[in-house]
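Novice: Have a look at this one.
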Amino acid sequence: MDRLPLRLPLPADHPEPVLDVVVPVFNEETDLEPSVRRLHAHLRETFPYPFRITVADNASTDDTPRIAARLAAELPETEWIRLAEKGRGRALRVAWSHSRAPVLAYLDVDLSTELNALLPLVAPLISGHSDIAIGTRLARGSRVIRGPKREVISRCYNVLLRSTLAVGFSDAQCGFKAVRRDVAERLLPLVEDSEWFFDTELLVIAERAGLRIHEVPVDWVDDPDSRVDLVSTAMADLRGIVRIGRALARDTLPTAGLRRATGGDPPGPGPLAAQLLRFGAIGVVSTVGYVLLYSALRPVAGPQGANAWALLVCAVANTAANRRLTFGLRGRGGALRQQAKGLVVFGLGLALTSGSLAALHRWAPGPARPTEVAVLVIANLVATLLRFLLLRAWVFTAAPRGNGTGAEPR
């Protein structure tokens with residue numbers, strides 16, 4: 001399949017709708033009309049291009065279809081479609097696939113996200129700067145009001161994504177996203193999920209293909225009347241993560257035809273299996289170096305001192321090697337910050353290995369040197385596993401999208 005064409009800015013005098021904002025709904029007879037009228041008024045007042053609002057009703061059983069039809073008849077830039085099956089992803093797929101607008105977006109009907117972020121969201125797509133834009137509630141500058149339960153669930157989900165799928169985007173679940181139509185035409189057929197995991201799968205495939213994802217900090221207020229079943233949604237998300245993780249490990253995630261013709265954007269991170277192999281090889285060398293350093297320093301520094309110095313030297317070298325070889329980062333940008341985070345991870349490893357050493361000496365005073373080294377090697381292996389997870393989820397995460405900072409990927 002041919003590569004995507006060059007990103008070009010849209011003409012200022014575009015005669016047809018430049019933006020199609022899809023509002024997926026299911027049994028939203030209370031919120032639908034006030035939300036759509038507010039969105040319509042906002043776009044009329046602030047958006048400098050022609051636009052369209054599409055209400056995508058996916059199998060509502062209340063008065064939602066009648067209200068949507070009336071809004072489409074009364075508001076000139078508003079349309080509605082009705083699907084026979086539920087699923088937010090399904091509604092977005094159908095609405096985006098049938099739209100001819102060059103920029104496609106969606107937002108949740110409760111308008112939890114402040115609408116002033118809508119123009120900053122789509123501007124990078126209109127200008128040709130980015131392929132996809134997402135609102136994020138987890139970036140510096142975001143202002144979020146929600147209960148502790150949903151806050152913990154959201155942050156845990158995104159940490160899980162970073163640690164298992166090595167994603168660089170910060171917030172997969174915010175119902176505030178946009179995509180260029182030329183990208184959507186090739187990306188949508190590759191996304192299998194038709195429900196809540198649709199957003200995450202779309203972003204993972206796009207990122208792995210090297211598409212540029214722009215992030216916009218948003219003001220977001222939780223809807224206390226949200227009807228999302230958190231348990232069933234969480235289980236579906238976990239199944240989706242396992243499915244995508246399996247594809248990444250086998251290097252079978254479909255990205256053909258999604259790269260830009262310029263080749264100028266950096267490629268996505270390598271497959272998980274390849275990362276694990278490189279990390280493992282570096283880990284073996286680090287472990288050997290650690291044992292040699294510990295053995296050399298033990299007579300002069302004692303067991304705890306030798307452990308601390310050997311682990312520190314190996315941690316700095318290990319972070320530098322993984323930065324370049326495992327995670328493919330070049331240049332000096334972000335290196336000091338990443339080394340500082342690596343030292344925090346070193347502290348956790350030191351606590352784990354020193355605790356194991358202290359436990360051994362308490363349980364068996366004066367242990368034989370081979371026993372001492374064996375305990376430390378086992379503790380170091382456990383610390384290595386923890387280190388890999390933290391490197392993926394925290395140390396070498398991508399710099400915030402759209403600010404142009406951070407090291408360049410390989």
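In the structure tokens, each chain is lettered A, B, ... as it comes, each chain's residues begin at 1, and ligands are numbered from 1 in order of appearance.
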With segment 204-207 of chain A as the partner and 12 Å as the cut-off, tabulate the residues of segment 117-157 of chain A that qualify, each row holding the nearest pair of atoms and their distance in Å to one decimal, using only C-alpha atoms, sorted by chain and rising number, as a Markdown table.

Specialist:
| residue | atom | partner | partner_atom | distance |
| --- | --- | --- | --- | --- |
| A:Ser130 | CA | A:Ala206 | CA | 11.6 |
| A:Asp131 | CA | A:Ala206 | CA | 8.8 |
| A:Ile132 | CA | A:Ala206 | CA | 8.3 |
| A:Ala133 | CA | A:Ala206 | CA | 11.2 |

Novice: Create the file for the chosen residues now, containing C-alpha atoms and written as a tab-separated table (two decimals), in the first residue's frame.

Specialist:
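To be explicit, this is the file written out as part-v1.tsv:
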chain	number	residue	atom	x	y	z
A	130	SER	CA	-0.19	16.66	13.15
A	131	ASP	CA	-2.19	13.57	12.19
A	132	ILE	CA	-4.18	13.02	15.38
A	133	ALA	CA	-4.98	15.28	18.33

Novice: Extract, using only C-alpha atoms, all DNA, RNA and protein residues at most 9 Å from segment 138-147 of chain A, discarding same-chain residues fewer than 4 positions from it, and format them as a compact mmCIF listing (two decimals) with C-alpha atoms, in the first residue's frame.

Specialist:
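File produced: around.txt:
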# COMPACT_ATOMS: atom_id res chain seq x y z
CA GLU A 151 -9.05 9.59 39.26
CA VAL A 152 -7.28 6.47 40.55
CA ARG A 155 -4.23 7.05 36.25
CA SER A 170 -0.60 10.45 28.27
CA ASP A 171 -4.40 9.96 28.26
CA GLU A 215 -1.82 16.55 22.98
CA VAL A 216 -3.91 19.42 24.34
CA PRO A 217 -4.30 19.95 28.11
CA VAL A 218 -7.98 20.33 28.90
CA ASP A 219 -10.25 21.55 31.67
CA TRP A 220 -12.46 18.61 32.55
CA VAL A 221 -15.31 18.18 35.05
CA ASP A 222 -16.57 14.69 35.84
CA ASP A 223 -20.19 13.94 35.01
CA PRO A 224 -21.68 12.42 38.20
CA PRO A 400 4.67 15.78 25.99

Novice: Which is closest to Ile241 of chain A among A:Ser194, A:Ser286, A:Asn158, A:Thr136, if we use only C-alpha atoms?

Specialist: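 Counting only C-alpha atoms, the residue closest to Ile241 of chain A is A:Asn158.
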
Novice: Compile the contact shell of segment 306-315 of chain A as a list in words: residues with an atom at most 8 Å away, counting only C-alpha atoms, same-chain residues fewer than 2 positions apart removed.

Specialist: Ser286, Gly289, Tyr290, Val291, Leu293, Tyr294, Ser295, Leu297, Arg298, Ala301, Gly302, Pro303, Gln304, Ala317, Asn318, Thr319, Gly342, Leu343, Phe346, Leu350, Thr353 and Ser354 of chain A

Novice: Would you output that residue set with all heavy atoms, as a short mmCIF file (atom, residue, chain, number, x, y, z; two decimals), in the first residue's frame?

Specialist:
data_model
loop_
_atom_site.label_atom_id
_atom_site.label_comp_id
_atom_site.auth_asym_id
_atom_site.auth_seq_id
_atom_site.Cartn_x
_atom_site.Cartn_y
_atom_site.Cartn_z
N SER A 286 25.24 -6.00 32.74
CA SER A 286 25.21 -5.22 33.97
C SER A 286 25.37 -6.10 35.20
O SER A 286 26.06 -5.74 36.16
CB SER A 286 23.90 -4.43 34.06
OG SER A 286 23.79 -3.50 33.03
N GLY A 289 28.94 -7.19 35.48
CA GLY A 289 29.73 -6.06 35.97
C GLY A 289 29.47 -5.79 37.44
O GLY A 289 30.40 -5.47 38.19
N TYR A 290 28.19 -5.94 37.86
CA TYR A 290 27.84 -5.72 39.26
C TYR A 290 28.56 -6.72 40.16
O TYR A 290 29.14 -6.36 41.20
CB TYR A 290 26.34 -5.84 39.43
CG TYR A 290 25.88 -5.95 40.86
CD1 TYR A 290 25.77 -4.82 41.67
CD2 TYR A 290 25.59 -7.19 41.41
CE1 TYR A 290 25.37 -4.94 42.99
CE2 TYR A 290 25.19 -7.31 42.73
CZ TYR A 290 25.08 -6.19 43.52
OH TYR A 290 24.69 -6.31 44.82
N VAL A 291 28.55 -7.99 39.78
CA VAL A 291 29.20 -9.02 40.60
C VAL A 291 30.70 -8.76 40.71
O VAL A 291 31.30 -8.87 41.78
CB VAL A 291 28.91 -10.42 40.01
CG1 VAL A 291 29.75 -11.48 40.72
CG2 VAL A 291 27.44 -10.76 40.14
N LEU A 293 32.31 -5.86 40.30
CA LEU A 293 32.55 -4.67 41.13
C LEU A 293 32.33 -4.95 42.61
O LEU A 293 33.11 -4.52 43.47
CB LEU A 293 31.64 -3.53 40.67
CG LEU A 293 32.11 -2.70 39.46
CD1 LEU A 293 31.02 -1.74 39.04
CD2 LEU A 293 33.39 -1.94 39.81
N TYR A 294 31.24 -5.68 42.91
CA TYR A 294 30.95 -5.99 44.31
C TYR A 294 32.09 -6.81 44.92
O TYR A 294 32.55 -6.52 46.04
CB TYR A 294 29.64 -6.76 44.42
CG TYR A 294 29.33 -7.20 45.84
CD1 TYR A 294 28.76 -6.32 46.75
CD2 TYR A 294 29.66 -8.49 46.28
CE1 TYR A 294 28.51 -6.71 48.05
CE2 TYR A 294 29.41 -8.88 47.57
CZ TYR A 294 28.82 -7.99 48.46
OH TYR A 294 28.58 -8.39 49.76
N SER A 295 32.54 -7.80 44.18
CA SER A 295 33.62 -8.65 44.70
C SER A 295 34.90 -7.86 44.91
O SER A 295 35.65 -8.11 45.87
CB SER A 295 33.87 -9.81 43.73
OG SER A 295 32.70 -10.60 43.58
N LEU A 297 35.12 -4.54 45.53
CA LEU A 297 34.94 -3.52 46.56
C LEU A 297 34.65 -4.09 47.94
O LEU A 297 34.80 -3.40 48.96
CB LEU A 297 33.81 -2.56 46.16
CG LEU A 297 34.07 -1.69 44.91
CD1 LEU A 297 32.80 -0.95 44.51
CD2 LEU A 297 35.19 -0.70 45.19
N ARG A 298 34.19 -5.34 48.01
CA ARG A 298 33.77 -5.94 49.28
C ARG A 298 34.85 -5.90 50.37
O ARG A 298 34.55 -5.54 51.52
CB ARG A 298 33.32 -7.38 49.01
CG ARG A 298 33.00 -8.24 50.23
CD ARG A 298 31.76 -7.74 50.95
NE ARG A 298 31.28 -8.69 51.93
CZ ARG A 298 31.81 -8.88 53.14
NH1 ARG A 298 32.87 -8.19 53.50
NH2 ARG A 298 31.28 -9.75 53.97
N ALA A 301 35.12 -1.91 51.34
CA ALA A 301 33.93 -1.10 51.63
C ALA A 301 32.89 -1.85 52.46
O ALA A 301 31.91 -1.23 52.89
CB ALA A 301 33.29 -0.62 50.33
N GLY A 302 33.10 -3.14 52.69
CA GLY A 302 32.09 -3.90 53.41
C GLY A 302 30.94 -4.28 52.49
O GLY A 302 30.82 -3.76 51.37
N PRO A 303 30.05 -5.19 52.94
CA PRO A 303 28.99 -5.68 52.05
C PRO A 303 28.01 -4.59 51.61
O PRO A 303 27.67 -4.50 50.43
CB PRO A 303 28.30 -6.75 52.89
CG PRO A 303 28.68 -6.47 54.31
CD PRO A 303 30.04 -5.87 54.24
N GLN A 304 27.56 -3.74 52.54
CA GLN A 304 26.57 -2.73 52.17
C GLN A 304 27.20 -1.65 51.29
O GLN A 304 26.61 -1.20 50.28
CB GLN A 304 25.94 -2.09 53.42
CG GLN A 304 25.09 -3.04 54.24
CD GLN A 304 23.77 -3.38 53.54
OE1 GLN A 304 23.54 -3.02 52.41
NE2 GLN A 304 22.91 -4.12 54.24
N ALA A 317 25.44 3.30 34.00
CA ALA A 317 25.79 2.71 32.72
C ALA A 317 24.60 2.00 32.08
O ALA A 317 24.39 2.09 30.86
CB ALA A 317 26.95 1.72 32.92
N ASN A 318 23.79 1.33 32.91
CA ASN A 318 22.63 0.61 32.40
C ASN A 318 21.59 1.57 31.82
O ASN A 318 21.02 1.31 30.76
CB ASN A 318 22.02 -0.22 33.54
CG ASN A 318 20.91 -1.13 33.07
OD1 ASN A 318 19.81 -0.66 32.80
ND2 ASN A 318 21.18 -2.42 33.01
N THR A 319 21.36 2.69 32.52
CA THR A 319 20.39 3.67 32.02
C THR A 319 20.84 4.23 30.67
O THR A 319 20.04 4.36 29.74
CB THR A 319 20.22 4.81 33.03
OG1 THR A 319 19.70 4.29 34.26
CG2 THR A 319 19.26 5.88 32.50
N GLY A 342 16.46 7.57 36.44
CA GLY A 342 17.15 6.29 36.59
C GLY A 342 17.75 6.11 37.96
O GLY A 342 17.78 5.00 38.50
N LEU A 343 18.21 7.22 38.56
CA LEU A 343 18.77 7.13 39.91
C LEU A 343 17.68 6.86 40.95
O LEU A 343 17.94 6.21 41.96
CB LEU A 343 19.53 8.42 40.25
CG LEU A 343 20.84 8.62 39.49
CD1 LEU A 343 21.46 9.95 39.85
CD2 LEU A 343 21.82 7.48 39.79
N PHE A 346 17.29 3.38 40.68
CA PHE A 346 18.44 2.80 41.38
C PHE A 346 18.18 2.73 42.88
O PHE A 346 18.50 1.74 43.54
CB PHE A 346 19.69 3.64 41.09
CG PHE A 346 20.72 3.61 42.19
CD1 PHE A 346 21.52 2.50 42.38
CD2 PHE A 346 20.88 4.69 43.04
CE1 PHE A 346 22.46 2.46 43.39
CE2 PHE A 346 21.82 4.68 44.05
CZ PHE A 346 22.62 3.55 44.23
N LEU A 350 18.40 -0.44 45.13
CA LEU A 350 19.30 -0.48 46.29
C LEU A 350 18.54 -0.92 47.53
O LEU A 350 19.04 -1.74 48.33
CB LEU A 350 19.92 0.90 46.50
CG LEU A 350 20.83 1.05 47.72
CD1 LEU A 350 22.02 0.12 47.63
CD2 LEU A 350 21.28 2.51 47.87
N THR A 353 17.91 -4.75 47.18
CA THR A 353 19.09 -5.61 47.37
C THR A 353 19.67 -5.45 48.77
O THR A 353 20.08 -6.44 49.39
CB THR A 353 20.16 -5.28 46.31
OG1 THR A 353 20.46 -3.88 46.34
CG2 THR A 353 19.66 -5.64 44.92
N SER A 354 19.70 -4.22 49.28
CA SER A 354 20.22 -4.02 50.64
C SER A 354 19.34 -4.69 51.66
O SER A 354 19.82 -5.27 52.66
CB SER A 354 20.34 -2.52 50.94
OG SER A 354 21.27 -1.90 50.09
#

Novice: For Val242 of chain A, find every residue with an atom within 12 Å (counting only C-alpha atoms), except residues of its own chain fewer than 5 positions away, and show them as number ranges by chain.

Specialist: A: 160-161, 164-165, 197, 201, 235-237, 247-249

Novice: How about saving the chosen residues, all heavy atoms kept, as an mmCIF file, in the first residue's frame?

Specialist:
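Saved file result_12.cif follows:
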data_model
loop_
_atom_site.group_PDB
_atom_site.id
_atom_site.type_symbol
_atom_site.label_atom_id
_atom_site.label_comp_id
_atom_site.auth_asym_id
_atom_site.auth_seq_id
_atom_site.Cartn_x
_atom_site.Cartn_y
_atom_site.Cartn_z
ATOM 1 N N LEU A 160 -0.717 1.508 33.291
ATOM 2 C CA LEU A 160 -0.707 0.147 32.753
ATOM 3 C C LEU A 160 -0.381 0.155 31.267
ATOM 4 O O LEU A 160 0.399 -0.674 30.780
ATOM 5 C CB LEU A 160 -2.075 -0.504 32.992
ATOM 6 C CG LEU A 160 -2.247 -1.950 32.512
ATOM 7 C CD1 LEU A 160 -1.296 -2.882 33.244
ATOM 8 C CD2 LEU A 160 -3.691 -2.402 32.716
ATOM 9 N N LEU A 161 -0.954 1.107 30.529
ATOM 10 C CA LEU A 161 -0.657 1.202 29.095
ATOM 11 C C LEU A 161 0.821 1.498 28.860
ATOM 12 O O LEU A 161 1.451 0.903 27.985
ATOM 13 C CB LEU A 161 -1.500 2.304 28.455
ATOM 14 C CG LEU A 161 -2.981 2.013 28.236
ATOM 15 C CD1 LEU A 161 -3.644 3.226 27.589
ATOM 16 C CD2 LEU A 161 -3.185 0.792 27.363
ATOM 17 N N THR A 164 2.966 -1.701 29.806
ATOM 18 C CA THR A 164 2.774 -2.928 29.026
ATOM 19 C C THR A 164 2.920 -2.709 27.526
ATOM 20 O O THR A 164 3.486 -3.547 26.828
ATOM 21 C CB THR A 164 1.394 -3.544 29.296
ATOM 22 O OG1 THR A 164 0.368 -2.574 29.005
ATOM 23 C CG2 THR A 164 1.268 -3.978 30.750
ATOM 24 N N LEU A 165 2.422 -1.578 27.021
ATOM 25 C CA LEU A 165 2.454 -1.321 25.584
ATOM 26 C C LEU A 165 3.443 -0.220 25.207
ATOM 27 O O LEU A 165 3.586 0.093 24.024
ATOM 28 C CB LEU A 165 1.048 -0.931 25.085
ATOM 29 C CG LEU A 165 -0.071 -1.935 25.374
ATOM 30 C CD1 LEU A 165 -1.382 -1.451 24.754
ATOM 31 C CD2 LEU A 165 0.283 -3.326 24.848
ATOM 32 N N PHE A 197 -12.557 0.416 24.143
ATOM 33 C CA PHE A 197 -11.121 0.266 23.873
ATOM 34 C C PHE A 197 -10.742 0.811 22.497
ATOM 35 O O PHE A 197 -9.561 0.876 22.155
ATOM 36 C CB PHE A 197 -10.728 -1.215 23.987
ATOM 37 C CG PHE A 197 -9.243 -1.460 23.997
ATOM 38 C CD1 PHE A 197 -8.466 -1.088 25.086
ATOM 39 C CD2 PHE A 197 -8.616 -2.073 22.921
ATOM 40 C CE1 PHE A 197 -7.094 -1.303 25.096
ATOM 41 C CE2 PHE A 197 -7.248 -2.310 22.926
ATOM 42 C CZ PHE A 197 -6.490 -1.915 24.015
ATOM 43 N N GLU A 201 -6.841 1.484 21.090
ATOM 44 C CA GLU A 201 -6.301 0.706 19.970
ATOM 45 C C GLU A 201 -5.924 1.615 18.798
ATOM 46 O O GLU A 201 -4.867 1.452 18.181
ATOM 47 C CB GLU A 201 -7.318 -0.339 19.522
ATOM 48 C CG GLU A 201 -6.796 -1.280 18.450
ATOM 49 C CD GLU A 201 -7.750 -2.425 18.153
ATOM 50 O OE1 GLU A 201 -8.793 -2.533 18.831
ATOM 51 O OE2 GLU A 201 -7.447 -3.217 17.244
ATOM 52 N N MET A 235 -12.582 -4.708 32.389
ATOM 53 C CA MET A 235 -12.283 -6.065 31.907
ATOM 54 C C MET A 235 -12.103 -6.082 30.393
ATOM 55 O O MET A 235 -11.205 -6.741 29.864
ATOM 56 C CB MET A 235 -13.398 -7.031 32.323
ATOM 57 C CG MET A 235 -13.529 -7.230 33.829
ATOM 58 S SD MET A 235 -11.966 -7.753 34.605
ATOM 59 C CE MET A 235 -11.712 -9.327 33.783
ATOM 60 N N ALA A 236 -12.966 -5.340 29.679
ATOM 61 C CA ALA A 236 -12.823 -5.268 28.222
ATOM 62 C C ALA A 236 -11.507 -4.597 27.845
ATOM 63 O O ALA A 236 -10.838 -5.012 26.886
ATOM 64 C CB ALA A 236 -14.008 -4.515 27.621
ATOM 65 N N ASP A 237 -11.128 -3.553 28.600
ATOM 66 C CA ASP A 237 -9.856 -2.883 28.325
ATOM 67 C C ASP A 237 -8.680 -3.822 28.563
ATOM 68 O O ASP A 237 -7.712 -3.824 27.790
ATOM 69 C CB ASP A 237 -9.719 -1.643 29.211
ATOM 70 C CG ASP A 237 -10.625 -0.502 28.760
ATOM 71 O OD1 ASP A 237 -11.114 -0.556 27.614
ATOM 72 O OD2 ASP A 237 -10.862 0.418 29.563
ATOM 73 N N ALA A 247 0.062 -8.833 19.820
ATOM 74 C CA ALA A 247 0.419 -8.417 18.458
ATOM 75 C C ALA A 247 1.763 -7.687 18.442
ATOM 76 O O ALA A 247 2.571 -7.871 17.520
ATOM 77 C CB ALA A 247 -0.679 -7.528 17.884
ATOM 78 N N LEU A 248 2.016 -6.870 19.464
ATOM 79 C CA LEU A 248 3.298 -6.169 19.537
ATOM 80 C C LEU A 248 4.446 -7.154 19.749
ATOM 81 O O LEU A 248 5.508 -7.018 19.136
ATOM 82 C CB LEU A 248 3.268 -5.150 20.675
ATOM 83 C CG LEU A 248 2.377 -3.919 20.469
ATOM 84 C CD1 LEU A 248 2.355 -3.068 21.736
ATOM 85 C CD2 LEU A 248 2.859 -3.094 19.292
ATOM 86 N N ALA A 249 4.234 -8.138 20.623
ATOM 87 C CA ALA A 249 5.284 -9.120 20.883
ATOM 88 C C ALA A 249 5.621 -9.917 19.636
ATOM 89 O O ALA A 249 6.771 -10.302 19.407
ATOM 90 C CB ALA A 249 4.857 -10.053 22.013
#

Novice: Assign secondary structure with DSSP using the backbone only, and return the residues of segment 108-287 of chain A in strand (DSSP E) as a list of chain:residue names.

Specialist: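 Secondary structure check on segment 108-287 of chain A, strand (DSSP E): A:Ile132, A:Ala133, A:Ile134, A:Gly135, A:Thr136, A:Arg143, A:Val144, A:Ile145, A:Phe176, A:Lys177, A:Ala178, A:Val179, A:Arg180, A:Ile213, A:His214, A:Glu215, A:Val216, A:Pro217, A:Asp219, A:Trp220, A:Val221.
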
Novice: Pick out the closest residue to Leu258 of chain A from this set: A:Gly210, A:Gly280, A:Gly245, A:Gly168. Count only C-alpha atoms.

Specialist: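 Among A:Gly210, A:Gly280, A:Gly245, A:Gly168, it is A:Gly210 that comes nearest to Leu258 of chain A.
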